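Chemist: Below you will find the structure I want to go over with you.
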Amino acid sequence: MISAPVALAYVLAMAPATAADASTPGDASTPVASPPGDASTPVTRRTMLLWADPAAGDDARWATRVRRVQAELEALGIATVLFVPPTGRGATADIAQEMATHGARVAIWIAADRDRAELWRREAARLEHVAIVTGEDTGEAGDTTFALRVAEVASALSIEVVIPEATPRPAVLAPIPPVPRAPPAPRWDARVGLDAGGASRDVGALLGPVLGVGVRLGRGRRLGLDAEFTATALSGRVSGEGGDARVGWFTARTHVGVWPVPRARVSPMLGLGGGLLVAWTRGDAVAPFRGRSDRTATGLVSAMIDLAVRVSPRLRIRPGVRVGVALPPIVVDTEDRSHRTALPVAEGVLALELTPRVR
């Protein structure tokens, strides 16, 4: 009675050669399948172990499939050693010892009952399951494709990865000072709108146009500088026994403020500042009084609260409130009494703000 390992080697030796392993038979310099311990097994190049269950020796197709895998590995310069464990596939200790004997890092187990191969790698004294290769059972062409897949994966797993030694780092040099970032360009805006308000001591409503320019500074553009000019078109009126006096003024003021959220769709601004208030009066007297015109200039302390609502990237609607105090106050004399006004001046502003395109 012939034992299973001997029968397996006999089947492999008698298996018909195919196009995939045509270069293997008859080549005395390249071993095809050597039993364990054969002195002709090359050890100067990569070696791989093929192992099988003893029952596979009776399957001629399995032997052909193994021959194809051997031929593809030999074409890649990898020697193969066939091994049948005494106790079957589960004898991993025997397989690991056989791999150590032949200097093989990768072992291949090819199933006899289906198109499947498992690849194992030897790490120290134990085996690690690293890959599974499957094929399609489509006859001779399928066997060839399956053999190519197994050989490519096994070759890749058997390559030693050499990690170059780390180059010692040079001595620590003086730290390079960080390059300061240039602050962003200022953001300019211009606006035009309408100013409506009034002053103390029964002056009445005043209405006029407003022009303004502003700039936002700083890395976050939260600091705002604002300049604004208003003129009275619809003047107020002060009445007395001597007649009526029309009152109007022109203001030029600046504010320094903060935009807490300058890039928000709705962005408030709070500012404080001051400027110049030029007031004028034109009297309309009754007899025996005589009317006259006069003008004067005084300082102005002002506060502002604005709300910029973004309509487009360059256009905003900007409503706001101005509250100012003239120092010294404006005095309008109607003969019977003196009217001290502009303590305070309150105005509402509605403007369109345009931001020029930055190049």
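Residues in the structure tokens are named by chain (A, B, ... in the order shown) and by number from 1 within that chain; ligands are numbered from 1 in the order shown.
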Find the residues near range 266-280 of chain A: any atom within 6 Å, counting only C-alpha atoms, skip ones fewer than 2 places away on the same chain, and give them as number ranges by chain.
Modeler: A: 247-259, 261-262, 264, 294-309
Chemist: Do a neighbour search on Val130 in chain A at 9 Å with only C-alpha atoms, toss out local chain neighbours closer than 4 positions, and write the hits as a VMD selection string.
Modeler: chain A and resid 118 to 121 157
Chemist: Those selected residues, please, written with C-alpha atoms and delivered as an mmCIF file, in the first residue's frame.
Modeler:
```
data_model
loop_
_atom_site.group_PDB
_atom_site.id
_atom_site.type_symbol
_atom_site.label_atom_id
_atom_site.label_comp_id
_atom_site.auth_asym_id
_atom_site.auth_seq_id
_atom_site.Cartn_x
_atom_site.Cartn_y
_atom_site.Cartn_z
ATOM 1 C CA GLU A 118 -5.047 30.458 1.799
ATOM 2 C CA LEU A 119 -1.733 32.209 2.387
ATOM 3 C CA TRP A 120 0.060 32.053 5.720
ATOM 4 C CA ARG A 121 3.155 33.908 6.863
ATOM 5 C CA LEU A 157 3.724 38.900 0.675
#
```
Chemist: With a distance cut-off of 12 Å and only C-alpha atoms, select the neighbouring residues of Ser155 in chain A, excluding the residue or stretch itself and same-chain residues fewer than 2 positions from it, and output the selection as a ChimeraX atom specification.
Modeler: /A:46-48,69-70,72-80,104-108,119,121,148-153,157-160
Chemist: Show me, as a list in words, the residues that have an atom within 9 Å of Ala346 in chain A when counting only C-alpha atoms, minus same-chain residues fewer than 5 positions from it.
Modeler: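 In the requested format, the answer is Ala196, Gly197, Gly198, Ala199, Ser200, Val321, Arg322, Val323, Gly324 and Val325 of chain A.
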Chemist: Considering only alpha helix (DSSP H) as DSSP defines it on the backbone, what residues of range 85-240 of chain A qualify? List them as a count of residues only.
Modeler: 30
Chemist: I want to know what sits within 12 Å of Arg290 in chain A, based on only C-alpha atoms, with residues of the same chain fewer than 5 positions away left out; could you give that as a PyMOL selection string?
Modeler: chain A and resi 241-245+282-285+334-335
Chemist: Within 6 Å of Gly236 in chain A, counting only C-alpha atoms, which residues qualify if same-chain residues fewer than 5 places away don't, as a PyMOL selection string?
Modeler: chain A and resi 203-206+246-247
Chemist: DSSP on the backbone: which residues in range 87-314 of chain A end up as strand (DSSP E)? Give the answer as a ChimeraX atom specification.
Modeler: /A:106-110,116-123,126-134,187-199,204-217,223-231,236-240,243-258,266-285,293-312
Chemist: Give me, please, the distance in Å between CA of Ala117 in chain A and CA of Asp94 in chain A, quoted to one decimal.
Modeler: 19.2 Å
Chemist: Find the residues near Ile330 in chain A: any atom within 7 Å, counting only C-alpha atoms, skip ones fewer than 3 places away on the same chain, and give them as a PyMOL selection string.
Modeler: chain A and resi 340-342
Chemist: How many Å separate CA of Gly193 in chain A from CA of Gly218 in chain A?
Modeler: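 Computed distance, CA of Gly193 in chain A to CA of Gly218 in chain A, equals 26.8 Å.
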Chemist: Have a look at CA of Arg181 in chain A and CA of Arg265 in chain A and let me know their distance in Å, one decimal.
Modeler: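 For CA of Arg181 in chain A relative to CA of Arg265 in chain A, the distance reads 27.1 Å.
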Chemist: In terms of the shortest atom-to-atom distance over only C-alpha atoms, which of A:Val81, A:Ala100, A:Ala112, A:Val345 is closest to Arg61 in chain A?
Modeler: A:Ala112
